[in-house]
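J.: My structure is in final-v3.cif, and what it holds is mmCIF, C-alpha atoms and all ligand atoms:
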data_final
loop_
_atom_site.label_atom_id
_atom_site.label_comp_id
_atom_site.auth_asym_id
_atom_site.auth_seq_id
_atom_site.Cartn_x
_atom_site.Cartn_y
_atom_site.Cartn_z
CA MET A 144 103.83 90.97 110.68
CA THR A 145 103.70 88.19 108.08
CA ILE A 146 103.76 89.17 104.40
CA ILE A 147 103.23 86.91 101.40
CA VAL A 148 104.95 88.34 98.34
CA THR A 149 103.88 86.70 95.09
CA GLY A 150 106.27 86.99 92.14
CA GLY A 151 109.10 87.75 94.57
CA ALA A 152 111.69 85.93 92.47
CA GLY A 153 111.23 88.47 89.67
CA PHE A 154 112.77 91.91 89.25
CA ILE A 155 110.73 94.27 91.44
CA GLY A 156 109.53 91.59 93.88
CA SER A 157 113.07 90.49 94.78
CA ASN A 158 114.19 94.09 95.34
CA PHE A 159 111.10 94.60 97.51
CA ILE A 160 111.88 91.54 99.65
CA PHE A 161 115.44 92.87 100.30
CA HIS A 162 113.97 96.23 101.26
CA ILE A 163 111.42 94.80 103.71
CA LEU A 164 113.72 92.31 105.43
CA GLU A 165 116.37 94.97 105.90
CA LYS A 166 114.02 97.65 107.18
CA TYR A 167 111.82 95.43 109.38
CA PRO A 168 114.01 92.70 110.93
CA ASP A 169 111.04 91.24 112.83
CA TYR A 170 108.76 90.76 109.78
CA ARG A 171 108.29 87.32 108.20
CA VAL A 172 108.29 87.23 104.40
CA ILE A 173 107.11 84.28 102.32
CA CYS A 174 107.83 84.45 98.62
CA TYR A 175 105.39 82.48 96.46
CA ASP A 176 106.57 82.23 92.86
CA LYS A 177 106.08 79.88 89.91
CA LEU A 178 109.63 80.53 88.66
CA THR A 179 108.68 81.22 85.05
CA TYR A 180 111.41 82.30 82.61
CA ALA A 181 111.35 85.70 84.38
CA GLY A 182 111.70 84.31 87.91
CA ASN A 183 115.11 83.34 89.24
CA LEU A 184 115.73 81.87 92.66
CA ALA A 185 119.29 83.23 92.49
CA ASN A 186 117.76 86.73 92.80
CA LEU A 187 116.97 85.79 96.41
CA ASN A 188 120.45 84.46 97.33
CA GLY A 189 120.95 87.46 99.61
CA VAL A 190 118.02 86.51 101.87
CA ILE A 191 117.70 82.74 101.51
CA SER A 192 119.51 82.08 104.82
CA ASN A 193 117.47 84.70 106.71
CA PRO A 194 115.30 82.75 109.22
CA ASN A 195 112.44 85.22 108.62
CA PHE A 196 112.36 84.39 104.92
CA SER A 197 110.96 81.36 103.14
CA PHE A 198 110.34 80.45 99.52
CA VAL A 199 107.45 78.39 98.20
CA LYS A 200 107.29 77.40 94.55
CA GLY A 201 103.79 77.63 93.14
CA ASP A 202 101.34 79.15 90.69
CA ILE A 203 98.96 81.93 91.78
CA CYS A 204 96.31 80.29 89.55
CA ASP A 205 96.44 77.12 91.68
CA GLN A 206 93.50 77.66 94.02
CA LYS A 207 94.23 74.69 96.29
CA ALA A 208 97.90 75.53 96.74
CA VAL A 209 97.22 79.23 97.38
CA LEU A 210 94.49 78.53 99.93
CA GLY A 211 96.67 75.90 101.64
CA LEU A 212 99.53 78.40 101.91
CA PHE A 213 97.31 81.18 103.25
CA GLU A 214 95.70 78.86 105.82
CA ALA A 215 99.11 77.64 106.98
CA GLU A 216 100.89 81.01 107.10
CA LYS A 217 97.99 83.31 108.07
CA PRO A 218 99.48 86.38 106.33
CA ASP A 219 98.59 89.87 107.54
CA VAL A 220 99.49 91.34 104.15
CA VAL A 221 99.55 89.90 100.61
CA ILE A 222 101.35 91.80 97.85
CA ASN A 223 100.81 90.58 94.31
CA PHE A 224 103.84 91.23 92.10
CA ALA A 225 103.33 87.97 90.14
CA ALA A 226 102.50 88.62 86.52
CA GLU A 227 103.36 88.01 82.95
CA SER A 228 104.92 91.40 82.39
CA HIS A 229 106.29 91.77 78.86
CA VAL A 230 104.14 93.60 76.29
CA ASP A 231 105.83 91.95 73.28
CA ARG A 232 105.03 88.48 74.61
CA SER A 233 101.39 89.48 75.12
CA ILE A 234 101.22 90.51 71.46
CA GLU A 235 102.51 87.06 70.42
CA ASN A 236 100.23 85.10 72.76
CA SER A 237 97.88 86.73 75.24
CA ARG A 238 96.36 83.64 76.88
CA ILE A 239 98.86 83.22 79.72
CA PHE A 240 98.48 86.95 80.47
CA ILE A 241 94.78 86.48 81.12
CA GLU A 242 95.41 83.33 83.16
CA THR A 243 98.14 84.70 85.44
CA ASN A 244 97.28 88.39 85.58
CA VAL A 245 93.49 88.11 85.83
CA LEU A 246 92.61 84.63 87.06
CA GLY A 247 95.65 84.49 89.34
CA THR A 248 94.64 87.77 90.97
CA GLN A 249 91.11 86.43 91.48
CA VAL A 250 92.51 83.34 93.23
CA LEU A 251 94.62 85.53 95.55
CA LEU A 252 91.71 87.86 96.33
CA GLU A 253 89.42 84.95 97.15
CA ALA A 254 92.00 83.31 99.43
CA SER A 255 92.68 86.69 101.10
CA LEU A 256 88.97 87.08 101.81
CA ARG A 257 88.61 83.58 103.22
CA CYS A 258 91.70 83.84 105.41
CA GLY A 259 91.07 87.30 106.86
CA VAL A 260 94.04 89.03 105.22
CA LYS A 261 94.28 92.58 106.61
CA ARG A 262 95.66 94.23 103.45
CA PHE A 263 95.83 92.97 99.85
CA HIS A 264 98.04 95.11 97.64
CA GLN A 265 97.93 94.81 93.86
CA ILE A 266 101.02 95.95 91.94
CA SER A 267 99.82 97.55 88.73
CA THR A 268 101.19 99.71 85.97
CA ASP A 269 100.75 103.16 84.43
CA GLU A 270 100.07 101.31 81.16
CA VAL A 271 96.45 100.71 82.25
CA TYR A 272 95.67 104.34 81.35
CA GLY A 273 96.85 103.93 77.77
CA ASP A 274 99.08 106.57 76.23
CA LEU A 275 99.25 110.31 75.59
CA PRO A 276 100.41 112.15 72.47
CA LEU A 277 104.13 113.02 72.46
CA ASP A 278 103.39 116.74 72.45
CA SER A 279 100.88 116.64 75.33
CA LYS A 280 101.80 118.10 78.71
CA SER A 281 99.13 116.32 80.76
CA SER A 282 99.49 113.35 83.13
CA PHE A 283 97.07 110.65 84.18
CA LYS A 284 95.46 110.88 87.60
CA GLU A 285 94.17 107.91 89.59
CA ASP A 286 90.60 108.58 88.42
CA SER A 287 91.54 108.92 84.73
CA VAL A 288 89.74 106.57 82.34
CA LEU A 289 91.44 103.18 81.87
CA LYS A 290 92.23 102.70 78.18
CA PRO A 291 94.87 99.97 77.91
CA SER A 292 96.47 99.39 74.50
CA SER A 293 98.06 95.94 74.73
CA PRO A 294 96.81 92.56 75.94
CA TYR A 295 99.32 92.97 78.80
CA SER A 296 97.94 96.31 79.98
CA ALA A 297 94.35 95.13 79.41
CA SER A 298 94.99 92.15 81.69
CA LYS A 299 96.51 94.44 84.35
CA ALA A 300 93.54 96.84 84.10
CA SER A 301 91.18 93.87 84.58
CA ALA A 302 93.09 92.80 87.68
CA ASP A 303 92.91 96.35 89.10
CA LEU A 304 89.15 96.47 88.64
CA LEU A 305 88.70 93.02 90.14
CA THR A 306 90.80 94.04 93.15
CA LEU A 307 88.75 97.20 93.68
CA SER A 308 85.52 95.22 93.33
CA TYR A 309 86.55 93.07 96.32
CA PHE A 310 86.73 96.26 98.39
CA ARG A 311 83.28 97.48 97.36
CA THR A 312 81.55 94.10 97.36
CA HIS A 313 83.25 92.22 100.18
CA GLY A 314 84.93 94.97 102.19
CA LEU A 315 88.36 93.37 101.65
CA ASN A 316 91.06 95.90 102.59
CA VAL A 317 92.78 96.46 99.24
CA THR A 318 95.11 99.02 97.69
CA VAL A 319 96.44 99.31 94.13
CA SER A 320 99.61 101.05 92.94
CA ARG A 321 100.20 102.02 89.31
CA SER A 322 103.87 102.50 88.67
CA SER A 323 105.79 103.79 85.69
CA ASN A 324 108.72 101.93 84.06
CA ASN A 325 111.19 100.56 86.61
CA TYR A 326 114.92 100.01 86.14
CA GLY A 327 117.65 98.62 88.40
CA ALA A 328 119.36 95.38 89.40
CA TYR A 329 117.92 91.91 88.64
CA GLN A 330 115.72 92.96 85.68
CA PHE A 331 115.42 90.16 83.12
CA PRO A 332 117.14 91.31 79.91
CA GLU A 333 114.05 91.56 77.73
CA LYS A 334 112.97 95.04 78.84
CA LEU A 335 114.56 98.14 77.27
CA ILE A 336 117.31 99.08 79.75
CA PRO A 337 118.76 95.65 80.66
CA LEU A 338 118.37 94.41 77.07
CA MET A 339 120.32 97.38 75.73
CA ILE A 340 123.02 96.99 78.38
CA VAL A 341 123.42 93.27 77.69
CA ASN A 342 123.40 93.70 73.89
CA ALA A 343 125.98 96.50 74.12
CA LEU A 344 128.22 94.34 76.33
CA ARG A 345 127.96 91.55 73.75
CA ASP A 346 128.62 94.04 70.90
CA LYS A 347 125.28 93.00 69.40
CA PRO A 348 122.79 95.33 67.66
CA MET A 349 120.93 97.55 70.13
CA THR A 350 117.50 97.34 68.53
CA VAL A 351 115.18 100.30 68.94
CA TYR A 352 111.52 100.29 67.86
CA GLY A 353 110.50 102.85 65.21
CA LYS A 354 112.42 106.09 65.60
CA GLY A 355 112.90 105.64 69.35
CA GLU A 356 110.86 108.76 70.07
CA ASN A 357 108.46 107.11 72.52
CA LEU A 358 108.54 108.74 75.94
CA ARG A 359 108.71 106.66 79.11
CA ASP A 360 108.79 107.81 82.72
CA TRP A 361 111.65 106.04 84.57
CA LEU A 362 111.56 105.04 88.22
CA PHE A 363 114.50 103.49 90.08
CA VAL A 364 113.33 100.20 91.58
CA ASP A 365 114.39 101.11 95.16
CA ASP A 366 112.09 104.13 95.03
CA HIS A 367 109.21 101.92 93.89
CA CYS A 368 109.86 99.56 96.83
CA LYS A 369 109.72 102.48 99.28
CA ALA A 370 106.40 103.59 97.79
CA VAL A 371 104.85 100.11 98.16
CA ASP A 372 106.16 99.93 101.74
CA LEU A 373 104.37 103.21 102.56
CA ILE A 374 101.16 102.15 100.83
CA ILE A 375 100.85 98.81 102.62
CA HIS A 376 101.41 100.49 105.99
CA ASN A 377 99.62 103.83 105.58
CA GLY A 378 97.64 103.78 102.33
CA ARG A 379 93.87 104.12 102.57
CA ALA A 380 91.74 101.03 101.87
CA GLY A 381 90.09 100.95 98.45
CA GLU A 382 92.49 103.57 97.02
CA VAL A 383 94.71 103.63 93.96
CA TYR A 384 98.10 105.37 94.10
CA ASN A 385 100.14 106.42 91.07
CA VAL A 386 103.89 105.95 91.50
CA GLY A 387 106.20 107.65 88.99
CA GLY A 388 109.75 108.87 88.56
CA ARG A 389 109.01 112.40 87.24
CA CYS A 390 111.65 111.48 84.71
CA GLU A 391 110.41 111.30 81.12
CA LYS A 392 112.99 110.26 78.55
CA ARG A 393 112.84 109.31 74.88
CA ASN A 394 113.84 105.65 74.37
CA ILE A 395 116.58 106.68 71.95
CA ASP A 396 118.13 109.02 74.53
CA VAL A 397 118.18 106.23 77.12
CA VAL A 398 119.91 103.91 74.63
CA LYS A 399 122.49 106.56 73.72
CA MET A 400 123.16 107.13 77.42
CA ILE A 401 123.86 103.40 77.83
CA CYS A 402 126.37 103.59 74.92
CA ARG A 403 128.13 106.47 76.67
CA GLU A 404 128.16 104.71 80.08
CA LEU A 405 129.70 101.57 78.55
CA GLY A 406 132.00 103.34 76.08
CA LYS A 407 130.27 101.60 73.15
CA PRO A 408 129.73 103.17 69.70
CA GLU A 409 126.27 104.46 68.74
CA SER A 410 126.72 102.51 65.49
CA LEU A 411 125.42 99.49 67.48
CA ILE A 412 121.98 101.17 67.53
CA THR A 413 119.70 99.54 64.94
CA TYR A 414 116.19 100.78 64.22
CA VAL A 415 113.57 98.06 63.69
CA GLU A 416 109.91 98.02 62.64
CA ASP A 417 107.73 99.59 65.34
CA ARG A 418 105.87 97.45 67.90
CA LYS A 419 102.18 96.95 67.01
CA GLY A 420 100.00 99.51 68.82
CA HIS A 421 103.11 101.05 70.42
CA ASP A 422 102.19 103.54 73.15
CA MET A 423 103.73 106.99 72.58
CA ARG A 424 103.94 108.63 75.99
CA TYR A 425 103.22 107.52 79.54
CA SER A 426 102.88 110.03 82.33
CA VAL A 427 101.34 109.74 85.78
CA ASP A 428 100.50 112.51 88.21
CA ILE A 429 101.99 111.50 91.59
CA SER A 430 100.59 114.33 93.68
CA LYS A 431 98.24 111.98 95.59
CA ILE A 432 100.95 109.71 97.04
CA GLN A 433 103.11 112.77 97.70
CA ALA A 434 100.35 114.57 99.61
CA GLU A 435 98.97 111.56 101.50
CA LEU A 436 102.07 109.50 102.21
CA GLY A 437 104.94 111.94 101.70
CA TRP A 438 106.52 109.84 98.95
CA VAL A 439 108.57 111.31 96.11
CA PRO A 440 111.12 109.56 93.90
CA GLU A 441 114.60 110.17 95.34
CA THR A 442 117.01 108.69 92.80
CA GLU A 443 118.20 110.87 89.95
CA PHE A 444 118.18 109.08 86.62
CA ALA A 445 121.92 109.57 85.97
CA ASN A 446 122.74 108.13 89.37
CA GLY A 447 120.28 105.21 89.10
CA MET A 448 121.60 104.37 85.64
CA LYS A 449 125.20 104.35 86.87
CA LYS A 450 124.20 101.90 89.63
CA THR A 451 122.25 99.74 87.16
CA VAL A 452 124.97 99.59 84.50
CA SER A 453 127.54 98.81 87.16
CA TRP A 454 125.35 95.94 88.50
CA TYR A 455 125.14 94.32 85.04
CA LEU A 456 128.90 94.75 84.59
CA LYS A 457 129.59 93.05 87.94
CA ASN A 458 127.01 90.28 87.52
CA ARG A 459 127.77 88.88 84.08
CA LYS A 460 127.18 85.31 85.35
CA TRP A 461 123.59 86.25 86.24
CA TRP A 462 122.65 87.29 82.68
CA ASP A 463 125.20 85.59 80.39
CA ILE A 464 123.57 82.17 80.18
N1 LIG A 501 109.01 96.21 85.37
C1 LIG A 501 108.35 97.35 85.30
O1 LIG A 501 108.86 98.35 84.78
C2 LIG A 501 106.94 97.44 85.85
C3 LIG A 501 106.31 98.70 85.84
C4 LIG A 501 105.02 98.81 86.38
C5 LIG A 501 104.41 97.70 86.93
N2 LIG A 501 105.03 96.48 86.90
C6 LIG A 501 104.34 95.34 87.51
O2 LIG A 501 105.13 94.93 88.60
C7 LIG A 501 105.03 93.53 88.80
C8 LIG A 501 106.40 92.91 88.81
O3 LIG A 501 107.05 93.22 87.59
P1 LIG A 501 108.51 92.69 87.27
O4 LIG A 501 109.09 93.58 86.25
O5 LIG A 501 109.23 92.43 88.54
O6 LIG A 501 108.13 91.30 86.60
P2 LIG A 501 109.04 90.03 86.29
O7 LIG A 501 108.55 89.54 84.97
O8 LIG A 501 110.48 90.35 86.47
O9 LIG A 501 108.66 89.01 87.45
C9 LIG A 501 107.42 88.38 87.52
C10 LIG A 501 107.54 87.28 88.56
O10 LIG A 501 106.26 86.65 88.67
C11 LIG A 501 106.44 85.24 88.65
N3 LIG A 501 105.22 84.64 88.10
C12 LIG A 501 104.75 84.74 86.82
N4 LIG A 501 103.62 84.04 86.69
C13 LIG A 501 103.36 83.49 87.90
C14 LIG A 501 102.30 82.67 88.39
N5 LIG A 501 101.32 82.27 87.61
N6 LIG A 501 102.34 82.31 89.68
C15 LIG A 501 103.36 82.71 90.52
N7 LIG A 501 104.38 83.47 90.09
C16 LIG A 501 104.37 83.86 88.80
C17 LIG A 501 107.66 85.01 87.78
O11 LIG A 501 108.25 83.75 88.01
C18 LIG A 501 108.53 86.18 88.19
O12 LIG A 501 109.33 85.84 89.32
C19 LIG A 501 104.12 93.03 87.69
O13 LIG A 501 102.83 92.89 88.20
C20 LIG A 501 104.18 94.12 86.63
O14 LIG A 501 102.98 94.17 85.90
C21 LIG A 501 106.28 96.34 86.38
#
Could you write out this file's structure as structure tokens?

T.:
Amino acid sequence: MTIIVTGGAGFIGSNFIFHILEKYPDYRVICYDKLTYAGNLANLNGVISNPNFSFVKGDICDQKAVLGLFEAEKPDVVINFAAESHVDRSIENSRIFIETNVLGTQVLLEASLRCGVKRFHQISTDEVYGDLPLDSKSSFKEDSVLKPSSPYSASKASADLLTLSYFRTHGLNVTVSRSSNNYGAYQFPEKLIPLMIVNALRDKPMTVYGKGENLRDWLFVDDHCKAVDLIIHNGRAGEVYNVGGRCEKRNIDVVKMICRELGKPESLITYVEDRKGHDMRYSVDISKIQAELGWVPETEFANGMKKTVSWYLKNRKWWDI
């Protein structure tokens, strides 16, 4: 089996490549990545000498390059992790989010169609559903209305719909997964958990939006990789699968936990003006993937956080640049 993984030099994509090459020693994996600020070839040091792995630098928006790659490699499966992924950046300037997340996905879908790709999998986010009130007990299902709040989540929702349209219109074998917030090794320190770890280690202010009451559902990255593995092999064509950690935490509690793990004082925590349009609570119902594919998140938050903090402690050279 030959798999093209776009965005594989980023956080989740690199963890996914490790997972696949370890579990399926006879699979070929080609990572196609533009190496933006969020992509880092060093993330792939562990697999670079594996003869079944290759890296190609390129932009998913570059139609000619993408088609050339697909024609040369004839992938069975394409998994699109490549994206601009940070909400704050999309609030500052949304253009690149539309280019990469929407147009880039269109380029990949078109090339997949032309080259007879057997499965195109789009990595999406729970943020496409919008948010829920803090006091609500409900969770979004795969057929819930899409109501994204930020330019980032709006671009991801557009890409989901485009992907699903290629199934209905062209019969392309597609699947979409909508995951909650991931944490783990190799996450660029701009997202909550790695940013707080890095700031604490530098004894810098640990800045928290608003009162830090926003609820997020946390999923250890290895569990996400296992879910995507199951979906590409056994997921039904044209279907969306929610992937969540069943682990809702207030941002402030996560930040305090990081202080405790690192033995740093909570006086480092500094409250700043809230993010514009800040979503309050995310929650996805994962009963579909559990029932159909037998997937449930395995890693307890305390355990996953210990592993994550320990990775940032051991890999200071990776983030201290
Ligand atoms: N991190 C999370 O908590 C989370 C949660 C749900 C869904 N997602 C989704 O998962 C995917 C991966 O997220 P991540 O956190 O690993 O992101 P990331 O920002 O760490 O990595 C993105 C990767 O995509 C590459 N890339 C960006 N633009 C590109 C382009 N035009 N062409 C080729 N490569 C390009 C970057 O170089 C980088 O390697 C994204 O689609 C994101 O929307 C992430």

J.: Rounded to one decimal, what separation in Å do you get between atom P1 of ligand LIG 501 (chain A) and atom CA of Val209 of chain A?

T.: 20.3 Å

J.: Find the residues around segment 423-440 of chain A up to 6 Å (only C-alpha atoms counted), leave out those fewer than 2 positions away in its own chain, and share them as a PDB file with C-alpha atoms, in the coordinates of the input.

T.:
ATOM      1  CA  ASP A 274      99.080 106.570  76.230  1.00  0.00           C
ATOM      2  CA  LEU A 275      99.250 110.310  75.590  1.00  0.00           C
ATOM      3  CA  LEU A 277     104.130 113.020  72.460  1.00  0.00           C
ATOM      4  CA  SER A 282      99.490 113.350  83.130  1.00  0.00           C
ATOM      5  CA  PHE A 283      97.070 110.650  84.180  1.00  0.00           C
ATOM      6  CA  LYS A 284      95.460 110.880  87.600  1.00  0.00           C
ATOM      7  CA  ASN A 357     108.460 107.110  72.520  1.00  0.00           C
ATOM      8  CA  LEU A 358     108.540 108.740  75.940  1.00  0.00           C
ATOM      9  CA  ARG A 359     108.710 106.660  79.110  1.00  0.00           C
ATOM     10  CA  ASP A 366     112.090 104.130  95.030  1.00  0.00           C
ATOM     11  CA  TYR A 384      98.100 105.370  94.100  1.00  0.00           C
ATOM     12  CA  ASN A 385     100.140 106.420  91.070  1.00  0.00           C
ATOM     13  CA  VAL A 386     103.890 105.950  91.500  1.00  0.00           C
ATOM     14  CA  GLY A 388     109.750 108.870  88.560  1.00  0.00           C
TER      15      GLY A 388
END

J.: Provide the atom CA of Thr413 of chain A to atom N2 of ligand LIG 501 (chain A) distance in Å, to one decimal place.

T.: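 These atoms are spaced 26.6 Å apart.
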
J.: Please determine, counting all atoms listed in the file, which residue among A:Tyr295, A:Phe310, A:Phe196, A:Tyr272 has the shortest atom-to-atom distance to Leu252 of chain A.

T.: A:Phe310

J.: Looking at all atoms listed in the file, which of A:Leu164, A:Val148, A:Ala181, A:Ile234 is the one that sits closest to Phe198 of chain A?

T.: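 Using all atoms listed in the file, the shortest distance to Phe198 of chain A belongs to A:Val148.
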
J.: Contacts between ligand LIG 501 (chain A) and chain A, please, where a residue of chain A counts if it comes within 7 Å (with all atoms listed in the file); show its shortest atom pair and distance in Å to one decimal, rows by chain and ascending number, as CSV.

T.:
residue,atom,partner,partner_atom,distance
A:Thr149,CA,A:LIG501,N7,6.0
A:Gly150,CA,A:LIG501,O10,3.5
A:Gly151,CA,A:LIG501,O12,5.6
A:Ala152,CA,A:LIG501,O12,3.9
A:Gly153,CA,A:LIG501,O12,3.3
A:Phe154,CA,A:LIG501,O5,3.6
A:Ile155,CA,A:LIG501,O5,3.7
A:Gly156,CA,A:LIG501,O5,5.4
A:Tyr175,CA,A:LIG501,C15,6.3
A:Asp176,CA,A:LIG501,N7,3.7
A:Lys177,CA,A:LIG501,C15,4.0
A:Leu178,CA,A:LIG501,O11,3.6
A:Thr179,CA,A:LIG501,O11,3.9
A:Tyr180,CA,A:LIG501,O11,6.4
A:Ala181,CA,A:LIG501,C18,4.8
A:Gly182,CA,A:LIG501,O12,3.2
A:Asn183,CA,A:LIG501,O12,6.3
A:Gly201,CA,A:LIG501,C15,5.7
A:Asp202,CA,A:LIG501,N6,3.5
A:Ile203,CA,A:LIG501,N6,4.0
A:Cys204,CA,A:LIG501,N5,5.7
A:Asn223,CA,A:LIG501,O13,6.8
A:Phe224,CA,A:LIG501,C7,4.2
A:Ala225,CA,A:LIG501,O10,3.5
A:Ala226,CA,A:LIG501,C12,4.5
A:Glu227,CA,A:LIG501,C12,5.3
A:Ser228,CA,A:LIG501,O7,4.8
A:His229,CA,A:LIG501,O7,6.9
A:Thr243,CA,A:LIG501,N5,4.6
A:Gly247,CA,A:LIG501,N5,6.3
A:Ile266,CA,A:LIG501,O13,5.2
A:Ser267,CA,A:LIG501,C5,4.9
A:Thr268,CA,A:LIG501,C5,3.9
A:Asp269,CA,A:LIG501,C4,6.4
A:Lys299,CA,A:LIG501,O14,6.7
A:Arg321,CA,A:LIG501,C5,6.5
A:Ser322,CA,A:LIG501,C4,4.5
A:Ser323,CA,A:LIG501,C4,5.1
A:Asn324,CA,A:LIG501,O1,3.7
A:Asn325,CA,A:LIG501,O1,3.7
A:Tyr326,CA,A:LIG501,O1,6.4
A:Gln330,CA,A:LIG501,O8,5.9
A:Phe331,CA,A:LIG501,O8,6.0

J.: So how many Å separate atom CA of Ser287 of chain A and atom CA of Thr306 of chain A, to one decimal?

T.: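 Spanning atom CA of Ser287 of chain A to atom CA of Thr306 of chain A is a straight-line distance of 17.1 Å.
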
J.: My structure is short of atoms at segment 237-256 of chain A; please model N, CA and C atoms there, returning them as a PDB file, in the coordinates of the input.

T.:
ATOM      1  N   SER A 237      98.408  86.017  74.063  1.00  0.00           N
ATOM      2  CA  SER A 237      97.880  86.730  75.240  1.00  0.00           C
ATOM      3  C   SER A 237      97.288  85.799  76.303  1.00  0.00           C
ATOM      4  N   ARG A 238      97.115  84.523  75.978  1.00  0.00           N
ATOM      5  CA  ARG A 238      96.360  83.640  76.880  1.00  0.00           C
ATOM      6  C   ARG A 238      96.931  83.583  78.303  1.00  0.00           C
ATOM      7  N   ILE A 239      98.247  83.355  78.388  1.00  0.00           N
ATOM      8  CA  ILE A 239      98.860  83.220  79.720  1.00  0.00           C
ATOM      9  C   ILE A 239      98.749  84.529  80.517  1.00  0.00           C
ATOM     10  N   PHE A 240      98.628  85.649  79.796  1.00  0.00           N
ATOM     11  CA  PHE A 240      98.480  86.950  80.470  1.00  0.00           C
ATOM     12  C   PHE A 240      97.118  87.027  81.173  1.00  0.00           C
ATOM     13  N   ILE A 241      96.110  86.468  80.512  1.00  0.00           N
ATOM     14  CA  ILE A 241      94.780  86.480  81.120  1.00  0.00           C
ATOM     15  C   ILE A 241      94.761  85.495  82.297  1.00  0.00           C
ATOM     16  N   GLU A 242      95.406  84.339  82.089  1.00  0.00           N
ATOM     17  CA  GLU A 242      95.410  83.330  83.160  1.00  0.00           C
ATOM     18  C   GLU A 242      96.115  83.881  84.407  1.00  0.00           C
ATOM     19  N   THR A 243      97.373  84.259  84.254  1.00  0.00           N
ATOM     20  CA  THR A 243      98.140  84.700  85.440  1.00  0.00           C
ATOM     21  C   THR A 243      97.643  86.037  85.973  1.00  0.00           C
ATOM     22  N   ASN A 244      97.517  87.019  85.087  1.00  0.00           N
ATOM     23  CA  ASN A 244      97.280  88.390  85.580  1.00  0.00           C
ATOM     24  C   ASN A 244      95.834  88.598  86.049  1.00  0.00           C
ATOM     25  N   VAL A 245      94.890  87.911  85.424  1.00  0.00           N
ATOM     26  CA  VAL A 245      93.490  88.110  85.830  1.00  0.00           C
ATOM     27  C   VAL A 245      93.032  86.985  86.763  1.00  0.00           C
ATOM     28  N   LEU A 246      93.079  85.758  86.249  1.00  0.00           N
ATOM     29  CA  LEU A 246      92.610  84.630  87.060  1.00  0.00           C
ATOM     30  C   LEU A 246      93.451  84.458  88.324  1.00  0.00           C
ATOM     31  N   GLY A 247      94.756  84.612  88.182  1.00  0.00           N
ATOM     32  CA  GLY A 247      95.650  84.490  89.340  1.00  0.00           C
ATOM     33  C   GLY A 247      95.303  85.505  90.410  1.00  0.00           C
ATOM     34  N   THR A 248      95.004  86.729  89.999  1.00  0.00           N
ATOM     35  CA  THR A 248      94.640  87.770  90.970  1.00  0.00           C
ATOM     36  C   THR A 248      93.330  87.406  91.661  1.00  0.00           C
ATOM     37  N   GLN A 249      92.390  86.846  90.890  1.00  0.00           N
ATOM     38  CA  GLN A 249      91.110  86.430  91.480  1.00  0.00           C
ATOM     39  C   GLN A 249      91.328  85.362  92.552  1.00  0.00           C
ATOM     40  N   VAL A 250      92.224  84.416  92.267  1.00  0.00           N
ATOM     41  CA  VAL A 250      92.510  83.340  93.230  1.00  0.00           C
ATOM     42  C   VAL A 250      93.085  83.942  94.518  1.00  0.00           C
ATOM     43  N   LEU A 251      94.004  84.903  94.368  1.00  0.00           N
ATOM     44  CA  LEU A 251      94.620  85.530  95.550  1.00  0.00           C
ATOM     45  C   LEU A 251      93.617  86.344  96.350  1.00  0.00           C
ATOM     46  N   LEU A 252      92.725  87.044  95.649  1.00  0.00           N
ATOM     47  CA  LEU A 252      91.710  87.860  96.330  1.00  0.00           C
ATOM     48  C   LEU A 252      90.765  86.966  97.134  1.00  0.00           C
ATOM     49  N   GLU A 253      90.359  85.875  96.510  1.00  0.00           N
ATOM     50  CA  GLU A 253      89.420  84.950  97.150  1.00  0.00           C
ATOM     51  C   GLU A 253      90.050  84.334  98.402  1.00  0.00           C
ATOM     52  N   ALA A 254      91.309  83.910  98.275  1.00  0.00           N
ATOM     53  CA  ALA A 254      92.000  83.310  99.430  1.00  0.00           C
ATOM     54  C   ALA A 254      92.200  84.365 100.519  1.00  0.00           C
ATOM     55  N   SER A 255      92.484  85.604 100.124  1.00  0.00           N
ATOM     56  CA  SER A 255      92.680  86.690 101.100  1.00  0.00           C
ATOM     57  C   SER A 255      91.392  86.930 101.893  1.00  0.00           C
ATOM     58  N   LEU A 256      90.278  86.886 101.175  1.00  0.00           N
ATOM     59  CA  LEU A 256      88.970  87.080 101.810  1.00  0.00           C
ATOM     60  C   LEU A 256      88.690  85.968 102.810  1.00  0.00           C
TER      61      LEU A 256
END
